[in-house]
$ cat work30.cif   # mmCIF, C-alpha atoms
data_coords
#
loop_
_atom_site.label_atom_id
_atom_site.label_comp_id
_atom_site.auth_asym_id
_atom_site.auth_seq_id
_atom_site.Cartn_x
_atom_site.Cartn_y
_atom_site.Cartn_z
CA MET A 1 -130.62 68.60 -10.32
CA LYS A 2 -130.51 71.65 -12.47
CA ILE A 3 -127.84 72.11 -15.14
CA SER A 4 -126.39 75.11 -13.39
CA GLU A 5 -125.93 73.15 -10.24
CA TYR A 6 -124.50 70.33 -12.24
CA THR A 7 -122.02 72.69 -13.82
CA LEU A 8 -121.09 74.01 -10.45
CA PHE A 9 -120.56 70.50 -9.22
CA LEU A 10 -118.20 69.74 -12.06
CA VAL A 11 -116.30 72.91 -11.40
CA ILE A 12 -115.93 72.00 -7.74
CA ILE A 13 -114.78 68.55 -8.64
CA ALA A 14 -112.28 69.95 -11.11
CA CYS A 15 -110.99 72.42 -8.57
CA PHE A 16 -110.63 69.75 -5.97
CA SER A 17 -108.77 67.52 -8.38
CA LEU A 18 -106.54 70.41 -9.32
CA PHE A 19 -105.86 71.12 -5.67
CA VAL A 20 -104.99 67.56 -4.97
CA PHE A 21 -102.79 67.40 -8.02
CA LEU A 22 -101.01 70.56 -7.04
CA VAL A 23 -100.51 69.53 -3.42
CA LEU A 24 -99.39 66.09 -4.20
CA GLY A 25 -97.36 67.14 -7.22
CA ASN A 26 -95.36 69.70 -5.23
CA LYS A 27 -94.25 67.24 -2.65
CA GLU A 28 -90.81 65.94 -3.46
CA GLU A 29 -90.73 62.32 -3.74
CA GLU A 30 -88.61 60.97 -0.97
CA PRO A 31 -85.83 59.04 -2.53
CA ILE A 32 -85.98 55.39 -1.80
CA GLN A 33 -82.94 54.57 0.22
CA GLU A 34 -81.27 51.67 -1.27
CA ALA A 35 -79.97 49.15 1.12
CA PRO A 36 -76.26 49.65 1.59
CA ILE A 37 -74.26 47.22 -0.39
CA ILE A 38 -72.08 45.37 2.01
CA GLU A 39 -69.04 44.45 0.17
CA GLU A 40 -67.93 41.11 1.25
CA GLU A 41 -64.28 40.95 2.06
CA ILE A 42 -62.84 39.05 -0.74
CA LEU A 43 -60.10 36.88 0.46
CA GLU A 44 -57.28 36.86 -1.91
CA GLN A 45 -57.07 33.41 -3.14
CA GLU A 46 -53.66 32.05 -3.75
CA PRO A 47 -53.23 31.49 -7.37
CA ILE A 48 -53.88 27.96 -8.21
CA ILE A 49 -50.69 26.58 -9.60
CA GLU A 50 -51.41 23.84 -11.84
CA GLU A 51 -48.99 21.08 -11.11
CA GLU A 52 -47.05 20.07 -14.10
CA GLU A 53 -47.67 16.60 -15.02
CA ILE A 54 -44.49 14.75 -14.21
CA GLU A 55 -43.95 12.26 -16.81
CA GLU A 56 -42.98 9.02 -15.26
CA PRO A 57 -39.78 7.73 -16.81
CA GLU A 58 -40.32 4.99 -19.17
CA GLU A 59 -39.51 1.75 -17.54
CA GLN A 60 -36.24 0.58 -18.98
CA PRO A 61 -36.04 -3.02 -19.84
CA ILE A 62 -34.00 -4.89 -17.24
CA ILE A 63 -30.87 -6.17 -18.89
CA GLU A 64 -29.55 -9.11 -17.06
CA GLU A 65 -25.82 -8.70 -16.56
CA GLU A 66 -23.83 -11.57 -17.75
CA GLU A 67 -22.02 -13.30 -14.99
CA ILE A 68 -18.34 -12.53 -15.39
CA GLU A 69 -16.38 -15.53 -14.48
CA GLU A 70 -13.51 -14.64 -12.24
CA PRO A 71 -10.27 -15.97 -13.60
CA GLU A 72 -8.93 -18.90 -11.74
CA GLU A 73 -6.22 -17.89 -9.36
CA GLN A 74 -2.95 -18.83 -10.90
CA PRO A 75 -0.31 -20.31 -8.67
CA ILE A 76 2.44 -17.86 -7.83
CA ILE A 77 5.60 -19.00 -9.48
CA GLU A 78 8.61 -17.71 -7.69
CA GLU A 79 11.16 -16.56 -10.21
CA SER A 80 14.75 -17.33 -9.56
CA LYS A 81 17.09 -14.37 -9.19
CA ALA A 82 17.64 -12.83 -12.58
CA PHE A 83 21.10 -11.64 -11.58
CA PHE A 84 23.53 -12.01 -8.75
CA SER A 85 23.72 -9.02 -6.44
CA ILE A 86 25.89 -8.07 -3.47
CA ILE A 87 24.77 -5.69 -0.73
CA LYS A 88 27.56 -3.46 0.52
CA ARG A 89 27.77 -3.33 4.34
CA LEU A 90 31.44 -2.45 4.78
CA VAL A 91 32.55 -2.46 8.39
CA ASP A 92 35.40 -0.57 10.02
CA TRP A 93 36.73 -3.40 12.16
CA GLY A 94 38.16 -6.89 11.71
CA HIS A 95 40.42 -6.20 8.72
CA HIS A 96 43.36 -4.21 7.41
CA THR A 97 44.83 -3.18 4.07
CA PRO A 98 48.09 -5.00 3.21
CA ALA A 99 51.17 -3.17 1.99
CA ASN A 100 51.20 -5.22 -1.22
CA PRO A 101 48.35 -6.48 -3.42
CA ARG A 102 47.02 -9.84 -2.32
CA PHE A 103 47.32 -13.09 -4.24
CA ILE A 104 43.97 -14.86 -3.66
CA ASP A 105 43.49 -18.57 -4.38
CA THR A 106 41.37 -19.83 -1.47
CA ILE A 107 37.79 -19.47 -0.22
CA VAL A 108 36.99 -20.42 3.38
CA ILE A 109 33.37 -21.17 4.35
CA HIS A 110 32.20 -20.51 7.92
CA SER A 111 29.01 -20.69 10.01
CA SER A 112 27.93 -18.16 12.61
CA TYR A 113 24.77 -17.03 14.41
CA ASP A 114 23.64 -14.49 16.99
CA ALA A 115 24.36 -16.23 20.31
CA LEU A 116 23.64 -13.13 22.41
CA GLY A 117 20.21 -12.08 21.17
CA THR A 118 16.80 -13.74 20.90
CA ASP A 119 16.97 -14.33 17.13
CA PRO A 120 19.93 -16.53 16.15
CA PHE A 121 19.49 -15.52 12.50
CA SER A 122 19.62 -11.76 13.06
CA VAL A 123 22.07 -10.10 10.71
CA GLU A 124 22.45 -7.14 13.05
CA GLY A 125 23.06 -9.47 15.99
CA VAL A 126 25.77 -11.34 14.10
CA LEU A 127 27.47 -8.10 13.09
CA TYR A 128 27.35 -6.92 16.69
CA GLU A 129 29.22 -10.05 17.79
CA TYR A 130 31.81 -9.62 15.04
CA LYS A 131 32.42 -6.10 16.29
CA LEU A 132 32.77 -7.29 19.89
CA TYR A 133 35.44 -9.80 18.90
CA LYS A 134 36.99 -7.52 16.25
CA VAL A 135 36.64 -10.15 13.53
CA SER A 136 34.92 -10.18 10.15
CA PRO A 137 34.55 -12.28 7.01
CA HIS A 138 34.53 -10.69 3.59
CA TYR A 139 30.94 -11.85 2.94
CA LEU A 140 27.90 -12.79 5.01
CA ILE A 141 24.90 -14.75 3.62
CA ASP A 142 21.65 -14.48 5.58
CA ARG A 143 18.73 -16.94 5.70
CA LYS A 144 17.01 -15.26 2.75
CA GLY A 145 20.05 -15.69 0.54
CA ASN A 146 21.08 -12.03 0.70
CA VAL A 147 24.80 -11.55 0.26
CA TYR A 148 26.42 -8.76 2.29
CA GLN A 149 29.99 -7.62 1.62
CA LEU A 150 31.60 -6.54 4.87
CA VAL A 151 35.23 -6.21 3.76
CA GLU A 152 36.67 -5.39 0.35
CA ASN A 153 38.45 -8.29 -1.33
CA LYS A 154 41.72 -6.35 -1.49
CA ASN A 155 41.85 -6.21 2.32
CA ILE A 156 42.85 -8.97 4.74
CA ALA A 157 39.82 -9.92 6.85
CA TYR A 158 40.22 -11.60 10.23
CA HIS A 159 38.12 -14.72 9.68
CA ALA A 160 40.41 -17.76 9.75
CA GLY A 161 42.52 -17.13 12.84
CA GLU A 162 45.37 -19.53 13.51
CA SER A 163 45.25 -21.84 10.53
CA ILE A 164 47.26 -24.00 8.11
CA MET A 165 46.68 -25.34 4.61
CA GLU A 166 47.40 -28.86 3.39
CA ASP A 167 50.32 -27.42 1.45
CA LYS A 168 51.65 -26.14 4.80
CA ARG A 169 50.96 -22.49 4.16
CA THR A 170 49.96 -20.61 7.27
CA ASN A 171 48.29 -17.25 7.87
CA VAL A 172 45.40 -18.27 5.63
CA ASN A 173 43.79 -14.84 6.03
CA ASP A 174 46.51 -13.41 3.81
CA PHE A 175 45.48 -15.23 0.62
CA SER A 176 41.85 -16.18 1.23
CA ILE A 177 38.35 -14.79 1.13
CA GLY A 178 36.06 -15.66 4.03
CA ILE A 179 32.34 -16.38 3.55
CA GLU A 180 29.99 -16.79 6.54
CA LEU A 181 26.61 -18.58 6.38
CA ILE A 182 24.12 -17.77 9.13
CA ASN A 183 23.10 -21.12 10.59
CA THR A 184 23.40 -22.97 13.88
CA LYS A 185 24.83 -26.30 14.97
CA THR A 186 21.35 -27.81 14.75
CA ILE A 187 19.88 -25.91 11.77
CA PRO A 188 21.68 -26.35 8.44
CA PRO A 189 21.99 -23.78 5.66
CA ASN A 190 18.87 -23.55 3.48
CA GLU A 191 18.50 -23.66 -0.30
CA GLU A 192 18.53 -19.87 -0.63
CA GLN A 193 21.88 -19.77 1.12
CA TYR A 194 23.34 -22.57 -0.97
CA ASN A 195 22.22 -20.90 -4.19
CA ALA A 196 23.69 -17.57 -3.10
CA LEU A 197 26.93 -19.27 -2.01
CA PHE A 198 27.36 -21.04 -5.33
CA GLU A 199 26.74 -17.82 -7.26
CA LEU A 200 29.22 -15.97 -5.06
CA ILE A 201 31.87 -18.65 -5.56
CA GLU A 202 31.30 -18.49 -9.32
CA HIS A 203 31.59 -14.70 -9.19
CA LEU A 204 34.86 -14.81 -7.21
CA SER A 205 36.25 -17.55 -9.44
CA SER A 206 35.77 -15.25 -12.43
CA GLU A 207 38.00 -12.63 -10.74
CA TYR A 208 40.60 -14.82 -9.02
CA ASP A 209 42.31 -18.11 -9.70
CA ILE A 210 40.49 -20.05 -6.97
CA ASN A 211 42.08 -23.45 -6.32
CA TYR A 212 40.64 -24.23 -2.89
CA VAL A 213 37.15 -24.01 -1.43
CA LEU A 214 37.40 -25.21 2.15
CA GLY A 215 35.57 -25.16 5.45
CA HIS A 216 36.93 -23.50 8.57
CA HIS A 217 37.41 -26.94 10.11
CA HIS A 218 39.73 -27.91 7.24
CA ILE A 219 42.30 -25.25 8.12
CA ALA A 220 41.82 -25.22 11.92
CA PRO A 221 40.71 -28.79 12.80
CA GLN A 222 41.90 -28.59 16.38
CA ARG A 223 39.62 -25.74 17.32
CA LYS A 224 36.89 -25.30 14.67
CA THR A 225 33.98 -27.48 13.46
CA ASP A 226 32.15 -25.13 11.11
CA PRO A 227 30.50 -24.79 8.67
CA TRP A 228 27.93 -26.81 10.60
CA LEU A 229 25.72 -29.37 8.83
CA PHE A 230 27.11 -28.29 5.48
CA ASP A 231 26.35 -30.39 2.38
CA TRP A 232 29.79 -30.87 0.84
CA GLU A 233 28.47 -33.29 -1.77
CA LYS A 234 26.22 -30.57 -3.11
CA LEU A 235 29.12 -28.13 -3.29
CA ASN A 236 31.41 -30.66 -4.94
CA SER A 237 28.70 -31.42 -7.50
CA VAL A 238 28.43 -27.72 -8.35
CA LEU A 239 32.21 -27.35 -8.54
CA GLY A 240 32.47 -30.47 -10.70
CA ARG A 241 34.49 -32.39 -8.15
CA THR A 242 34.18 -36.10 -7.55
#
$ encode --input "work30.cif" --output "structure tokens"
Amino acid sequence: MKISEYTLFLVIIACFSLFVFLVLGNKEEEPIQEAPIIEEEILEQEPIIEEEEIEEPEEQPIIEEEEIEEPEEQPIIEESKAFFSIIKRLVDWGHHTPANPRFIDTIVIHSSYDALGTDPFSVEGVLYEYKLYKVSPHYLIDRKGNVYQLVENKNIAYHAGESIMEDKRTNVNDFSIGIELINTKTIPPNEEQYNALFELIEHLSSEYDINYVLGHHHIAPQRKTDPWLFDWEKLNSVLGRT
């Protein structure tokens, strides 16, 4: 090959290269499409709350309780009455007020019970019977030893009825005080009643010059037998009689 041809060949090659360069260089490079980024849906996570460490309470030492010995039950000691008392139950029947002050020197003891009701020892039943018969003592002593005053001492109570003293005085109601014990012909007075009776006699003796303490049967022997089952020895011992 001649040099001129060789030169021509180089020129052709150069032109061709230039052409290719220009053609290819002018083409815009197609942008490479990036794959779309698919955002994953992020689930909101609940905040993790760290649990506080709960400290377990320290185990307390078990203290054995001492056995407390219960005190031995003491026997109930019934105290005797600290003072003598009278319950006022003044009635509006079975008595009257005398024109002149009374001279009192006698106490008459009686027995009575509720013969109409179911409880022979009922105070209310006994009072009901007194009202029916329009009679009354000055005092009434129930089975518990309670002393009820039904008539004032200054008044004449209708308790003795037709009666006579050993000294031949009659109308014993005029100068006496009547005391009824609630008991029957088969059930005697109890200790509570005796104690209350003795205290009442002592009380009346401090106010009046009492010379006689008698039973209903002493002043009306033809028609009365009360006080029933009464312990006269006990009374005489208290009164200092032989």
$ closest_residue --input "work30.cif" --among "A:Asp174, A:Arg89, A:Ile109, A:Pro137" --to "Glu124 (chain A)" --atoms "all atoms listed in the file"
A:Arg89
$ atom_distance --input "work30.cif" --atom1 "CA of His138 (chain A)" --atom2 "CA of Thr97 (chain A)"
12.8 Å
$ residues_around --input "work30.cif" --residues "Val151 (chain A)" --least-positions-apart "2" --cutoff "7 Å" --atoms "all atoms listed in the file" --output "ChimeraX atom specification"
/A:90-91,137-138,149,153,155,157
$ residues_around --input "work30.cif" --residues "Asn171 (chain A)" --least-positions-apart "2" --cutoff "12 Å" --atoms "all atoms listed in the file" --output "short mmCIF file (atom, residue, chain, number, x, y, z; two decimals) with C-alpha atoms, in the frame of the given file"
data_model
loop_
_atom_site.label_atom_id
_atom_site.label_comp_id
_atom_site.auth_asym_id
_atom_site.auth_seq_id
_atom_site.Cartn_x
_atom_site.Cartn_y
_atom_site.Cartn_z
CA THR A 106 41.37 -19.83 -1.47
CA ILE A 156 42.85 -8.97 4.74
CA ALA A 157 39.82 -9.92 6.85
CA TYR A 158 40.22 -11.60 10.23
CA HIS A 159 38.12 -14.72 9.68
CA ALA A 160 40.41 -17.76 9.75
CA GLY A 161 42.52 -17.13 12.84
CA GLU A 162 45.37 -19.53 13.51
CA SER A 163 45.25 -21.84 10.53
CA ILE A 164 47.26 -24.00 8.11
CA MET A 165 46.68 -25.34 4.61
CA LYS A 168 51.65 -26.14 4.80
CA ARG A 169 50.96 -22.49 4.16
CA ASN A 173 43.79 -14.84 6.03
CA ASP A 174 46.51 -13.41 3.81
CA PHE A 175 45.48 -15.23 0.62
CA SER A 176 41.85 -16.18 1.23
CA ILE A 219 42.30 -25.25 8.12
CA ALA A 220 41.82 -25.22 11.92
#
$ atom_distance --input "work30.cif" --atom1 "CA of Ser111 (chain A)" --atom2 "CA of Thr184 (chain A)"
7.2 Å
$ closest_residue --input "work30.cif" --among "A:Leu10, A:Ala196, A:Glu202, A:His95" --to "Tyr133 (chain A)" --atoms "only C-alpha atoms"
A:His95
$ atom_distance --input "work30.cif" --atom1 "CA of Ser112 (chain A)" --atom2 "CA of His203 (chain A)"
22.4 Å
$ residues_around --input "work30.cif" --residues "Asn146 (chain A)" --least-positions-apart "4" --cutoff "10 Å" --atoms "all atoms listed in the file" --output "ChimeraX atom specification"
/A:84-87,140-142,192-193,196-197
$ residues_around --input "work30.cif" --residues "Tyr194 (chain A)" --least-positions-apart "2" --cutoff "12 Å" --atoms "only C-alpha atoms" --output "PyMOL selection string"
chain A and resi 109+141-147+179-183+188-192+196-201+230-235+238
$ closest_residue --input "work30.cif" --among "A:Val213, A:Tyr148, A:Phe16, A:Trp228" --to "Val123 (chain A)" --atoms "only C-alpha atoms"
A:Tyr148
$ closest_residue --input "work30.cif" --among "A:Lys185, A:Arg241, A:Lys224, A:His216" --to "Tyr113 (chain A)" --atoms "all atoms listed in the file"
A:Lys185
$ closest_residue --input "work30.cif" --among "A:Ile187, A:Leu150, A:Leu214, A:Leu116" --to "Lys88 (chain A)" --atoms "all atoms listed in the file"
A:Leu150
$ closest_residue --input "work30.cif" --among "A:Gly178, A:Pro221, A:Pro98, A:Pro227" --to "Leu204 (chain A)" --atoms "all atoms listed in the file"
A:Gly178
$ residues_around --input "work30.cif" --residues "Tyr130 (chain A)" --least-positions-apart "6" --cutoff "9 Å" --atoms "only C-alpha atoms" --output "MDAnalysis selection string"
chainID A and resid 93:94 136:137
$ build_atoms --input "work30.cif" --residues "region 91-111 of chain A" --atoms "N, CA and C atoms" --output "PDB file, in the frame of the given file"
ATOM      1  N   VAL A  91      32.346  -2.764   6.977  1.00  0.00           N
ATOM      2  CA  VAL A  91      32.550  -2.460   8.390  1.00  0.00           C
ATOM      3  C   VAL A  91      33.933  -1.850   8.598  1.00  0.00           C
ATOM      4  N   ASP A  92      34.118  -1.224   9.765  1.00  0.00           N
ATOM      5  CA  ASP A  92      35.400  -0.570  10.020  1.00  0.00           C
ATOM      6  C   ASP A  92      36.209  -1.313  11.093  1.00  0.00           C
ATOM      7  N   TRP A  93      35.963  -2.584  11.211  1.00  0.00           N
ATOM      8  CA  TRP A  93      36.730  -3.400  12.160  1.00  0.00           C
ATOM      9  C   TRP A  93      37.025  -4.757  11.516  1.00  0.00           C
ATOM     10  N   GLY A  94      37.911  -5.514  12.139  1.00  0.00           N
ATOM     11  CA  GLY A  94      38.160  -6.890  11.710  1.00  0.00           C
ATOM     12  C   GLY A  94      38.870  -7.053  10.385  1.00  0.00           C
ATOM     13  N   HIS A  95      39.673  -6.057   9.988  1.00  0.00           N
ATOM     14  CA  HIS A  95      40.420  -6.200   8.720  1.00  0.00           C
ATOM     15  C   HIS A  95      41.487  -5.117   8.648  1.00  0.00           C
ATOM     16  N   HIS A  96      42.399  -5.263   7.694  1.00  0.00           N
ATOM     17  CA  HIS A  96      43.360  -4.210   7.410  1.00  0.00           C
ATOM     18  C   HIS A  96      43.796  -4.301   5.955  1.00  0.00           C
ATOM     19  N   THR A  97      44.369  -3.224   5.461  1.00  0.00           N
ATOM     20  CA  THR A  97      44.830  -3.180   4.070  1.00  0.00           C
ATOM     21  C   THR A  97      46.311  -3.553   4.036  1.00  0.00           C
ATOM     22  N   PRO A  98      46.675  -4.572   3.252  1.00  0.00           N
ATOM     23  CA  PRO A  98      48.090  -5.000   3.210  1.00  0.00           C
ATOM     24  C   PRO A  98      48.952  -3.995   2.444  1.00  0.00           C
ATOM     25  N   ALA A  99      50.229  -4.077   2.677  1.00  0.00           N
ATOM     26  CA  ALA A  99      51.170  -3.170   1.990  1.00  0.00           C
ATOM     27  C   ALA A  99      51.253  -3.498   0.507  1.00  0.00           C
ATOM     28  N   ASN A 100      51.111  -4.776   0.179  1.00  0.00           N
ATOM     29  CA  ASN A 100      51.200  -5.220  -1.220  1.00  0.00           C
ATOM     30  C   ASN A 100      49.880  -5.871  -1.643  1.00  0.00           C
ATOM     31  N   PRO A 101      49.577  -5.841  -2.944  1.00  0.00           N
ATOM     32  CA  PRO A 101      48.350  -6.480  -3.420  1.00  0.00           C
ATOM     33  C   PRO A 101      48.329  -7.970  -3.035  1.00  0.00           C
ATOM     34  N   ARG A 102      47.154  -8.457  -2.766  1.00  0.00           N
ATOM     35  CA  ARG A 102      47.020  -9.840  -2.320  1.00  0.00           C
ATOM     36  C   ARG A 102      46.949 -10.810  -3.504  1.00  0.00           C
ATOM     37  N   PHE A 103      47.501 -11.975  -3.317  1.00  0.00           N
ATOM     38  CA  PHE A 103      47.320 -13.090  -4.240  1.00  0.00           C
ATOM     39  C   PHE A 103      46.272 -14.007  -3.603  1.00  0.00           C
ATOM     40  N   ILE A 104      45.093 -14.120  -4.239  1.00  0.00           N
ATOM     41  CA  ILE A 104      43.970 -14.860  -3.660  1.00  0.00           C
ATOM     42  C   ILE A 104      43.742 -16.150  -4.430  1.00  0.00           C
ATOM     43  N   ASP A 105      43.787 -17.293  -3.721  1.00  0.00           N
ATOM     44  CA  ASP A 105      43.490 -18.570  -4.380  1.00  0.00           C
ATOM     45  C   ASP A 105      42.607 -19.486  -3.531  1.00  0.00           C
ATOM     46  N   THR A 106      42.116 -18.972  -2.409  1.00  0.00           N
ATOM     47  CA  THR A 106      41.370 -19.830  -1.470  1.00  0.00           C
ATOM     48  C   THR A 106      40.099 -19.124  -0.974  1.00  0.00           C
ATOM     49  N   ILE A 107      39.035 -19.922  -0.845  1.00  0.00           N
ATOM     50  CA  ILE A 107      37.790 -19.470  -0.220  1.00  0.00           C
ATOM     51  C   ILE A 107      37.556 -20.340   1.003  1.00  0.00           C
ATOM     52  N   VAL A 108      37.260 -19.691   2.135  1.00  0.00           N
ATOM     53  CA  VAL A 108      36.990 -20.420   3.380  1.00  0.00           C
ATOM     54  C   VAL A 108      35.534 -20.164   3.771  1.00  0.00           C
ATOM     55  N   ILE A 109      34.780 -21.261   3.984  1.00  0.00           N
ATOM     56  CA  ILE A 109      33.370 -21.170   4.350  1.00  0.00           C
ATOM     57  C   ILE A 109      33.227 -21.357   5.862  1.00  0.00           C
ATOM     58  N   HIS A 110      32.422 -20.486   6.479  1.00  0.00           N
ATOM     59  CA  HIS A 110      32.200 -20.510   7.920  1.00  0.00           C
ATOM     60  C   HIS A 110      30.695 -20.578   8.224  1.00  0.00           C
ATOM     61  N   SER A 111      30.385 -20.832   9.488  1.00  0.00           N
ATOM     62  CA  SER A 111      29.010 -20.690  10.010  1.00  0.00           C
ATOM     63  C   SER A 111      29.064 -19.790  11.239  1.00  0.00           C
TER      64      SER A 111
END
